[in-house]
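Chemist: Provided herewith: final_26.cif, mmCIF, C-alpha atoms and all ligand atoms.
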data_work
loop_
_atom_site.label_atom_id
_atom_site.label_comp_id
_atom_site.auth_asym_id
_atom_site.auth_seq_id
_atom_site.Cartn_x
_atom_site.Cartn_y
_atom_site.Cartn_z
CA MET I 15 0.00 0.00 0.00
CA SER I 16 1.34 3.44 -0.83
CA VAL I 17 1.55 6.30 1.61
CA ALA I 18 -1.01 9.12 1.34
CA ILE I 19 0.21 11.30 4.20
CA GLU I 20 3.63 11.31 5.80
CA VAL I 21 4.42 13.53 8.76
CA ALA I 22 8.09 13.38 9.72
CA GLY I 23 9.39 15.01 12.89
CA VAL I 24 7.05 18.00 12.68
CA THR I 25 7.43 20.67 15.35
CA LYS I 26 5.38 23.87 15.42
CA ARG I 27 5.74 26.66 17.97
CA TYR I 28 3.63 29.69 18.73
CA GLY I 29 6.04 31.90 20.66
CA SER I 30 7.14 29.92 23.71
CA LEU I 31 4.33 27.34 23.31
CA THR I 32 5.15 24.13 21.46
CA ALA I 33 1.88 23.14 19.77
CA LEU I 34 3.42 20.13 17.96
CA ASP I 35 6.49 18.38 19.29
CA ASN I 36 8.38 16.12 16.87
CA VAL I 37 5.24 14.47 15.48
CA SER I 38 5.63 11.57 13.02
CA PHE I 39 3.11 9.19 11.48
CA LYS I 40 2.00 7.79 8.13
CA VAL I 41 -1.46 7.29 6.65
CA GLU I 42 -1.90 4.69 3.90
CA ASN I 43 -3.83 5.33 0.71
CA GLY I 44 -7.55 4.72 1.18
CA GLU I 45 -7.26 4.53 4.95
CA MET I 46 -9.55 6.20 7.50
CA PHE I 47 -7.14 7.46 10.12
CA GLY I 48 -8.31 9.15 13.32
CA LEU I 49 -6.52 11.77 15.34
CA ILE I 50 -7.94 11.65 18.84
CA GLY I 51 -7.08 14.09 21.57
CA PRO I 52 -8.50 16.75 23.88
CA ASP I 53 -8.73 20.46 23.16
CA GLY I 54 -5.33 22.05 22.80
CA ALA I 55 -3.63 18.77 21.82
CA GLY I 56 -2.38 20.25 18.54
CA LYS I 57 -4.84 18.67 16.10
CA SER I 58 -5.86 21.87 14.28
CA THR I 59 -2.25 22.99 14.01
CA LEU I 60 -1.40 19.71 12.32
CA TYR I 61 -4.35 20.14 9.92
CA LYS I 62 -3.22 23.65 9.04
CA ILE I 63 0.21 22.29 8.13
CA LEU I 64 -1.25 19.46 6.03
CA ALA I 65 -3.66 21.88 4.33
CA THR I 66 -0.63 24.08 3.42
CA LEU I 67 -1.88 27.04 5.49
CA THR I 68 1.13 27.19 7.76
CA ALA I 69 4.65 25.74 7.69
CA PRO I 70 6.30 23.60 10.36
CA ASP I 71 9.26 25.06 12.30
CA ALA I 72 11.05 21.72 12.00
CA GLY I 73 10.41 18.47 10.16
CA SER I 74 8.31 18.05 7.04
CA ALA I 75 5.00 16.71 5.80
CA THR I 76 4.03 15.24 2.46
CA VAL I 77 0.52 14.63 1.18
CA CYS I 78 0.04 12.58 -2.02
CA GLY I 79 3.85 12.64 -2.25
CA LEU I 80 3.91 16.45 -2.39
CA ASP I 81 5.67 18.61 0.17
CA THR I 82 3.23 20.85 2.06
CA VAL I 83 5.59 23.83 1.82
CA LYS I 84 7.35 23.50 -1.56
CA ASP I 85 4.44 22.04 -3.50
CA TYR I 86 1.59 23.85 -1.75
CA SER I 87 -0.06 25.17 -4.89
CA LYS I 88 -0.41 21.79 -6.63
CA LEU I 89 -1.33 20.11 -3.36
CA ARG I 90 -4.31 22.37 -2.73
CA THR I 91 -6.13 20.85 -5.70
CA LEU I 92 -5.71 17.34 -4.30
CA ILE I 93 -7.00 17.88 -0.78
CA GLY I 94 -10.43 18.62 0.63
CA TYR I 95 -10.15 20.48 3.92
CA MET I 96 -12.97 20.95 6.39
CA PRO I 97 -11.64 23.21 9.15
CA GLU I 98 -12.87 23.05 12.72
CA LYS I 99 -14.68 26.35 12.55
CA PHE I 100 -17.62 26.49 10.16
CA SER I 101 -16.02 27.28 6.81
CA LEU I 102 -19.01 28.29 4.71
CA TYR I 103 -20.46 31.66 3.80
CA GLN I 104 -23.36 32.11 6.19
CA ASP I 105 -25.15 34.65 3.98
CA LEU I 106 -24.98 32.49 0.87
CA SER I 107 -27.58 29.80 0.26
CA VAL I 108 -26.88 26.06 0.19
CA SER I 109 -26.74 26.11 -3.59
CA GLU I 110 -24.62 29.29 -3.76
CA ASN I 111 -22.06 27.86 -1.34
CA LEU I 112 -21.71 24.70 -3.40
CA HIS I 113 -21.40 26.66 -6.66
CA PHE I 114 -18.81 28.93 -5.08
CA PHE I 115 -16.58 26.04 -4.02
CA ALA I 116 -16.99 24.31 -7.40
CA SER I 117 -15.97 27.52 -9.20
CA LEU I 118 -12.89 27.92 -6.96
CA PHE I 119 -11.60 24.62 -8.31
CA GLY I 120 -13.00 25.11 -11.84
CA VAL I 121 -15.17 21.98 -11.69
CA SER I 122 -18.79 21.36 -12.61
CA ILE I 123 -21.25 20.19 -9.95
CA LYS I 124 -22.99 17.99 -12.50
CA ASP I 125 -19.81 16.09 -13.39
CA ASN I 126 -18.90 15.51 -9.74
CA TYR I 127 -22.35 15.04 -8.29
CA ASP I 128 -21.88 11.30 -7.77
CA ILE I 129 -19.19 11.93 -5.16
CA ILE I 130 -21.30 14.29 -3.03
CA ALA I 131 -24.67 12.59 -3.58
CA PRO I 132 -24.68 10.50 -0.36
CA VAL I 133 -24.02 13.65 1.66
CA PHE I 134 -25.77 16.34 -0.33
CA SER I 135 -29.01 14.49 -1.06
CA GLN I 136 -30.41 15.54 2.34
CA LEU I 137 -29.82 19.21 1.54
CA GLU I 138 -31.46 19.21 -1.88
CA ARG I 139 -34.87 19.98 -0.37
CA PHE I 140 -33.82 23.50 0.59
CA PRO I 141 -31.31 24.83 -1.95
CA ASN I 142 -32.23 28.45 -1.19
CA ARG I 143 -31.85 28.30 2.59
CA LYS I 144 -28.99 30.44 3.89
CA ALA I 145 -26.13 28.35 5.28
CA GLY I 146 -26.31 30.35 8.52
CA ALA I 147 -29.91 29.18 9.03
CA LEU I 148 -29.09 25.45 8.80
CA SER I 149 -28.95 23.13 11.82
CA GLY I 150 -25.51 21.99 13.03
CA GLY I 151 -25.83 18.60 11.32
CA MET I 152 -26.95 20.16 8.03
CA LYS I 153 -24.16 22.75 8.09
CA GLN I 154 -21.72 19.93 8.55
CA LYS I 155 -23.15 18.07 5.52
CA LEU I 156 -22.92 21.19 3.38
CA ALA I 157 -19.33 21.83 4.50
CA LEU I 158 -18.42 18.24 3.64
CA SER I 159 -20.10 18.53 0.22
CA CYS I 160 -18.11 21.71 -0.48
CA ALA I 161 -14.87 20.02 0.62
CA LEU I 162 -15.60 17.11 -1.72
CA ILE I 163 -16.88 18.81 -4.86
CA HIS I 164 -13.49 18.86 -6.62
CA ARG I 165 -12.96 15.13 -6.04
CA PRO I 166 -10.01 15.37 -3.66
CA GLU I 167 -7.76 12.36 -3.12
CA ILE I 168 -7.43 13.18 0.57
CA LEU I 169 -10.04 14.52 2.97
CA LEU I 170 -8.79 16.47 5.97
CA LEU I 171 -11.62 16.74 8.49
CA ASP I 172 -10.84 18.71 11.61
CA GLU I 173 -13.32 17.88 14.40
CA PRO I 174 -16.27 17.63 11.99
CA THR I 175 -18.67 16.36 14.67
CA THR I 176 -17.96 18.89 17.42
CA GLY I 177 -21.16 20.55 18.56
CA VAL I 178 -23.35 18.27 16.46
CA ASP I 179 -26.17 16.20 17.99
CA ALA I 180 -25.64 12.47 18.59
CA VAL I 181 -27.87 11.30 15.70
CA SER I 182 -26.17 13.59 13.17
CA ARG I 183 -22.77 12.51 14.50
CA SER I 184 -23.59 8.88 13.87
CA GLU I 185 -24.98 9.68 10.39
CA PHE I 186 -21.84 11.61 9.60
CA TRP I 187 -19.62 8.62 10.39
CA ASP I 188 -21.84 6.45 8.19
CA MET I 189 -21.28 8.92 5.34
CA LEU I 190 -17.53 8.78 5.87
CA SER I 191 -17.66 5.00 5.57
CA THR I 192 -19.37 5.44 2.19
CA LEU I 193 -16.58 7.74 1.06
CA ARG I 194 -13.99 5.24 2.13
CA GLU I 195 -15.54 2.74 -0.24
CA LYS I 196 -14.62 5.20 -3.00
CA ARG I 197 -10.99 4.92 -1.84
CA ILE I 198 -10.73 8.48 -0.57
CA THR I 199 -8.10 8.73 2.17
CA ILE I 200 -9.58 10.36 5.28
CA LEU I 201 -7.75 11.98 8.18
CA VAL I 202 -10.40 12.85 10.75
CA SER I 203 -9.95 14.33 14.20
CA THR I 204 -12.24 14.25 17.18
CA SER I 205 -12.20 14.79 20.91
CA TYR I 206 -15.01 12.21 21.34
CA MET I 207 -13.20 9.04 22.31
CA ASP I 208 -16.24 6.89 21.40
CA GLU I 209 -15.88 7.91 17.75
CA ALA I 210 -12.40 6.40 17.58
CA THR I 211 -13.80 2.94 16.92
CA ARG I 212 -15.11 4.12 13.54
CA CYS I 213 -11.52 4.54 12.23
CA GLU I 214 -9.18 1.89 10.86
CA ARG I 215 -6.23 3.23 12.82
CA ILE I 216 -5.93 5.95 15.41
CA ALA I 217 -3.24 8.18 16.79
CA LEU I 218 -3.79 9.45 20.32
CA ILE I 219 -2.38 12.95 20.68
CA ASN I 220 -1.89 15.09 23.78
CA LYS I 221 0.07 18.29 24.38
CA GLY I 222 1.58 18.20 20.89
CA LYS I 223 2.87 14.64 21.18
CA ILE I 224 1.64 11.39 19.67
CA LEU I 225 1.07 8.96 22.56
CA CYS I 226 0.44 5.83 20.47
CA ILE I 227 -0.84 4.60 17.11
CA ASN I 228 -2.83 1.41 16.64
CA THR I 229 -6.12 -0.10 15.48
CA PRO I 230 -9.09 0.54 17.82
CA GLU I 231 -8.95 -3.12 18.94
CA GLY I 232 -5.18 -3.01 19.40
CA LEU I 233 -5.43 0.08 21.56
CA VAL I 234 -7.82 -1.41 24.09
CA ALA I 235 -6.31 -4.91 24.17
CA GLY I 236 -5.36 -5.85 27.73
CA LEU I 237 -7.05 -2.82 29.31
CA ASP I 238 -9.77 -4.90 31.02
CA GLU I 239 -7.22 -6.58 33.25
CA ASN I 240 -7.80 -5.54 36.88
CA LEU I 241 -10.25 -2.83 35.77
CA TYR I 242 -13.40 -2.40 37.87
CA ASN I 243 -16.45 -0.17 38.19
CA ALA I 244 -17.21 1.15 41.65
CA VAL I 245 -20.44 2.86 42.72
CA SER I 246 -21.91 4.22 45.93
CA ALA I 247 -24.36 6.96 46.90
CA HIS I 248 -21.29 8.87 48.14
CA MET I 249 -19.12 8.97 45.01
CA PHE I 250 -16.64 11.64 46.07
CA GLU I 251 -15.89 9.94 49.35
CA LEU I 252 -15.58 6.62 47.54
CA LEU I 253 -13.08 8.15 45.08
CA THR I 254 -10.99 9.58 47.92
CA ARG I 255 -10.99 6.35 49.93
CA LEU I 256 -10.18 4.12 46.96
CA ARG I 257 -7.22 6.31 45.99
CA GLU I 258 -5.77 5.77 49.47
CA LEU I 259 -5.76 1.96 49.21
CA PRO I 260 -2.42 0.28 48.40
CA GLU I 261 -4.10 -2.22 46.04
CA VAL I 262 -5.53 0.63 43.91
CA GLU I 263 -3.20 1.82 41.18
CA ASP I 264 -5.55 4.51 39.87
CA CYS I 265 -9.15 5.60 40.31
CA TYR I 266 -11.05 8.18 38.26
CA THR I 267 -14.58 9.28 37.44
CA PHE I 268 -15.98 7.45 34.43
CA GLY I 269 -19.49 8.49 33.39
CA ALA I 270 -21.79 7.81 36.35
CA THR I 271 -19.33 5.38 37.97
CA LEU I 272 -15.69 5.24 39.02
CA HIS I 273 -13.12 3.18 37.17
CA VAL I 274 -10.66 1.49 39.47
CA VAL I 275 -7.36 0.11 38.17
CA GLY I 276 -6.30 -2.50 40.69
CA THR I 277 -2.89 -4.00 41.33
CA LYS I 278 -2.62 -7.80 41.17
CA ASP I 279 -3.61 -7.86 44.88
CA PHE I 280 -6.96 -6.16 44.25
CA ASN I 281 -9.84 -8.25 45.56
CA PRO I 282 -13.31 -6.66 45.25
CA GLU I 283 -14.70 -8.40 48.36
CA THR I 284 -11.75 -7.40 50.54
CA VAL I 285 -11.94 -3.81 49.29
CA LYS I 286 -15.69 -3.65 49.93
CA ARG I 287 -15.12 -4.91 53.47
CA LYS I 288 -12.42 -2.31 54.14
CA LEU I 289 -14.67 0.48 52.81
CA SER I 290 -17.60 -0.80 54.86
CA GLU I 291 -15.49 -0.67 58.04
CA GLU I 292 -14.81 2.98 57.18
CA GLY I 293 -18.55 3.71 56.94
CA LEU I 294 -19.14 3.24 53.20
CA LYS I 295 -21.61 0.36 53.41
CA ASP I 296 -23.34 0.55 50.01
CA VAL I 297 -20.35 0.10 47.70
CA GLU I 298 -20.66 -2.10 44.64
CA ILE I 299 -17.60 -3.21 42.69
CA PHE I 300 -17.80 -5.15 39.44
CA LEU I 301 -15.63 -5.81 36.39
CA ALA I 302 -15.40 -2.99 33.85
CA LYS I 303 -14.81 -2.93 30.10
CA GLY I 304 -11.79 -0.80 29.22
CA ASP I 305 -12.05 1.64 26.33
CA ILE I 306 -9.95 4.31 24.66
CA GLU I 307 -10.74 6.84 27.36
CA ASP I 308 -9.18 4.47 29.92
CA LEU I 309 -6.11 4.16 27.72
CA PHE I 310 -5.85 7.92 27.39
CA ILE I 311 -6.06 8.33 31.16
CA LYS I 312 -3.43 5.61 31.62
CA LEU I 313 -1.02 7.18 29.13
CA THR I 314 -1.35 10.66 30.65
CA ARG I 315 -1.32 9.46 34.29
CA GLY I 316 2.07 10.99 35.04
CA GLU I 317 0.86 14.41 33.91
CA ARG I 318 -2.21 14.55 36.17
P1 LIG I 401 -6.58 21.31 19.10
O1 LIG I 401 -7.03 21.46 17.68
O2 LIG I 401 -6.16 19.91 19.44
O3 LIG I 401 -7.56 21.87 20.07
P2 LIG I 401 -4.68 23.44 18.49
O4 LIG I 401 -3.78 22.99 17.40
O5 LIG I 401 -5.80 24.35 18.11
O6 LIG I 401 -5.22 22.16 19.29
O7 LIG I 401 -3.83 24.18 19.60
C1 LIG I 401 -2.65 23.61 20.17
C2 LIG I 401 -2.05 24.64 21.10
O8 LIG I 401 -1.57 25.76 20.35
C3 LIG I 401 -3.05 25.23 22.10
O9 LIG I 401 -2.40 25.45 23.32
C4 LIG I 401 -3.47 26.54 21.45
O10 LIG I 401 -3.87 27.49 22.42
C5 LIG I 401 -2.19 26.96 20.74
N1 LIG I 401 -2.44 27.76 19.53
C6 LIG I 401 -3.12 27.35 18.44
N2 LIG I 401 -3.12 28.29 17.48
C7 LIG I 401 -2.41 29.33 17.99
C8 LIG I 401 -2.03 30.62 17.48
N3 LIG I 401 -2.38 31.02 16.25
N4 LIG I 401 -1.29 31.43 18.29
C9 LIG I 401 -0.91 31.02 19.53
N5 LIG I 401 -1.23 29.82 20.06
C10 LIG I 401 -1.96 28.98 19.31
#
What is this file in C-alpha cells?
Ligand code: ADP
Modeler:
Amino acid sequence: MSVAIEVAGVTKRYGSLTALDNVSFKVENGEMFGLIGPDGAGKSTLYKILATLTAPDAGSATVCGLDTVKDYSKLRTLIGYMPEKFSLYQDLSVSENLHFFASLFGVSIKDNYDIIAPVFSQLERFPNRKAGALSGGMKQKLALSCALIHRPEILLLDEPTTGVDAVSRSEFWDMLSTLREKRITILVSTSYMDEATRCERIALINKGKILCINTPEGLVAGLDENLYNAVSAHMFELLTRLRELPEVEDCYTFGATLHVVGTKDFNPETVKRKLSEEGLKDVEIFLAKGDIEDLFIKLTRGER
C-alpha cells in the first residue's frame, strides 16, 4: 500500500508554546485514520500544516507525495479540507455555497455530483436556505459537500462532529464509511473518544505529542485486566478512599461510575469490606470494560 500522508518530525511553535512536538506518522492510501485528543492537543495545528496554510518550524509533511511547503499550490487541488470552525459563507444559500466552491476549483457540480450525492441528497430539499440558518448537522453536511466537490484524493476533516447532535454525528460517520468505499483517504480528528472505533487506525495525541498509534482493537487490548467499576451513593468519598488503598493503582470518574485500576492484589470483596469498616456500606464493585478513554487516562497518568 502506498503512503497518502507522511508527517516526519514535525514541530510547530507559537512563541514559547510548542503546539506540535516532533510528530511523526504515516497514513496509507484509502485509509480512514483518526486523530484523537483533547482540546489544545495540537490537532488543528497539524491540519493547518497538512492543508498548506502554515509551515512547520522543523520536520516536514508530504501529502500525495507532495511537500506541504514546496508544492503547496499543486497540493491544494488534491485535498479537501474541512476546518474546525464552520467554513461556509453564512449569507450564501446552500446552492450558492456549493457553486462557489466548485468555481474555486474550476469543476462542474454535474460532473462531480456522484461523489457528493450520499451527503448532499439531504440538503437538496432547501437549496435556497442560507447556510447560517441550517442546523448543526446540516451545516456539517454542506461543509463536507463543499470540501468534496473537486474530487479530492485526501479529505482532511478537523473535528467535523464537534457541537453536532448524537444522531447527526452517527450519520456523519456512516457517510464517511461510504466515502472510504470510494478509496478516498480520510484523516479525521475528534475529541469524542467513542468515535475512535469508527476509524481503521488511530493516533492518540496530547500536548503536541503522539502517545500511540494502533487499530481501535489493538489500543484497548489488555485494558480490562484488573479494571473495575465502583459505585456508591457517596461517590466523592468513595473516590478519595479508593485512591488511598495500596491495592488501587488509579481511580477516576468514568461516566456515572468510578473506574478502578487494581494491582494484582486487588480483591473486590476485601476492598468492599475495608470500605464498609470505614462507613461506606453501600459500595458495589464489578468488572469494567476498558475503552480508549481508559487508555488515554493511563497514558497521561504521570501528567495529572
Ligand atoms: P486542538 O485542535 O487539538 O484543540 P490546536 O492545534 O488548536 O489544538 O492548539 C494547540 C495549542 O496551540 C493550544 O495550546 C493553542 O492554544 C495553541 N495555539 C493554536 N493556534 C495558535 C495561534 N495562532 N497562536 C498562539 N497559540 C496557538
Chemist: Need the neighbours of (-1.2, 18.9, -0.8): which residues are at most 9 Å away, counting all atoms listed in the file, as a PyMOL selection string?
Modeler: chain I and resi 64-66+76-83+85-93+168
Chemist: So how many Å separate atom CA of I:Gly56 and atom CA of I:Gly222, to one decimal?
Modeler: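 Computing the Euclidean distance for atom CA of I:Gly56 and atom CA of I:Gly222 yields 5.0 Å.
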Chemist: Name each residue within 10 Å of ligand LIG 401 (chain I), counting all atoms listed in the file, as a ChimeraX atom specification.
Modeler: /I:26-34,49-62,68,97-98,172-173,203-205,219-222
Chemist: Atom CA of I:Asn36 to atom CA of I:Val234: how many Å, to one decimal?
Modeler: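 We find that atom CA of I:Asn36 and atom CA of I:Val234 lie 24.9 Å from each other.
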Chemist: Which is closer to I:Leu294 than all the others in I:Ile200, I:Leu252, I:Leu259, I:Leu272, using only C-alpha atoms?
Modeler: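 Comparing I:Ile200, I:Leu252, I:Leu259, I:Leu272 against I:Leu294, the winner is I:Leu252.
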Chemist: Which one is closest to I:Leu170: I:Asp125, I:Arg194, I:Phe140, I:Met96? Count all atoms listed in the file.
Modeler: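 Comparing I:Asp125, I:Arg194, I:Phe140, I:Met96 against I:Leu170, the winner is I:Met96.
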Chemist: Show me as a PyMOL selection string the residues that reach within 10 Å of (0.4, 4.0, 22.0), counting only C-alpha atoms and using the file's own coordinates.
Modeler: chain I and resi 216-219+224-228+232-233+309-310+313
Chemist: Taking into account all atoms listed in the file, which residue in the set I:Arg165, I:Arg255, I:Arg197, I:Arg212 is nearest to I:Ser290?
Modeler: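 Residue with the minimum atom-to-atom distance to I:Ser290: I:Arg255.
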Chemist: What is the atom CA of I:Asp264-atom CA of I:Asp305 distance in Å, reported with one decimal?
Modeler: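 For atom CA of I:Asp264 relative to atom CA of I:Asp305, the distance reads 15.3 Å.
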Chemist: Might you pull out every residue within 12 Å of I:His113, with only C-alpha atoms counted and same-chain residues fewer than 2 positions away left off, and present them as a list in words?
Modeler: Leu102, Tyr103, Leu106, Ser107, Val108, Ser109, Glu110, Asn111, Phe115, Ala116, Ser117, Leu118, Phe119, Gly120, Val121, Ser122, Ile123, Lys124, Asn126, Tyr127, Pro141, Leu156, Ser159, Cys160, Ala161, Ile163 and His164 of chain I
Chemist: Name the residues in contact with I:Thr199 at a cut-off of 6 Å, using all atoms listed in the file, excluding same-chain residues fewer than 5 positions from it; report them as a list in words.
Modeler: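 Here the qualifying residues turn out to be Asn43, Gly44, Glu45 and Ile168 of chain I.
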Chemist: Which residue, I:Ala302, I:Ala131, I:Leu253, I:Val24, has the smallest gap to I:Leu289 when you use all atoms listed in the file?
Modeler: I:Leu253
Chemist: Would you compute the box with edges along x, y and z of the file around stretch 39-52 of chain I, including every atom the file lists for it and 6 Å extra on each side, and give its centre and edge lengths in Å to one decimal, as JSON?
Modeler:
{"center_x": -3.2, "center_y": 10.6, "center_z": 12.3, "size_x": 24.7, "size_y": 24.2, "size_z": 35.2}
Chemist: Could you check which of I:Glu291, I:Asp308, I:Asp71, I:Asp296 is closest to I:Val275, using all atoms listed in the file?
Modeler: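 Counting all atoms listed in the file, the residue closest to I:Val275 is I:Asp308.
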Chemist: Find the residues near I:Thr267: any atom within 10 Å, counting only C-alpha atoms, skip ones fewer than 5 places away on the same chain, and give them as a list in words.
Modeler: Asn243, Ala244, Met249, Phe250, Leu253, Leu272, His273 and Val274 of chain I
Chemist: Quick one: of I:Leu171, I:Met189, I:Ala145, I:Ala157, who's nearest to I:Val133, counting only C-alpha atoms?
Modeler: I:Met189
Chemist: Please identify all polymer residues within 10 Å of I:Thr277, counting only C-alpha atoms, omitting same-chain residues fewer than 5 positions from it, and present them as a list of chain:residue names.
Modeler: I:Glu239, I:Asn240, I:Leu241, I:Pro260, I:Glu261, I:Val262, I:Glu263, I:Asp264
Chemist: Restricting the output to C-alpha atoms, write the selected residues as a short mmCIF file (atom, residue, chain, number, x, y, z; two decimals), keeping the file's coordinate frame.
Modeler:
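What follows is the written file again_18.cif:
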data_model
loop_
_atom_site.label_atom_id
_atom_site.label_comp_id
_atom_site.auth_asym_id
_atom_site.auth_seq_id
_atom_site.Cartn_x
_atom_site.Cartn_y
_atom_site.Cartn_z
CA GLU I 239 -7.22 -6.58 33.25
CA ASN I 240 -7.80 -5.54 36.88
CA LEU I 241 -10.25 -2.83 35.77
CA PRO I 260 -2.42 0.28 48.40
CA GLU I 261 -4.10 -2.22 46.04
CA VAL I 262 -5.53 0.63 43.91
CA GLU I 263 -3.20 1.82 41.18
CA ASP I 264 -5.55 4.51 39.87
#
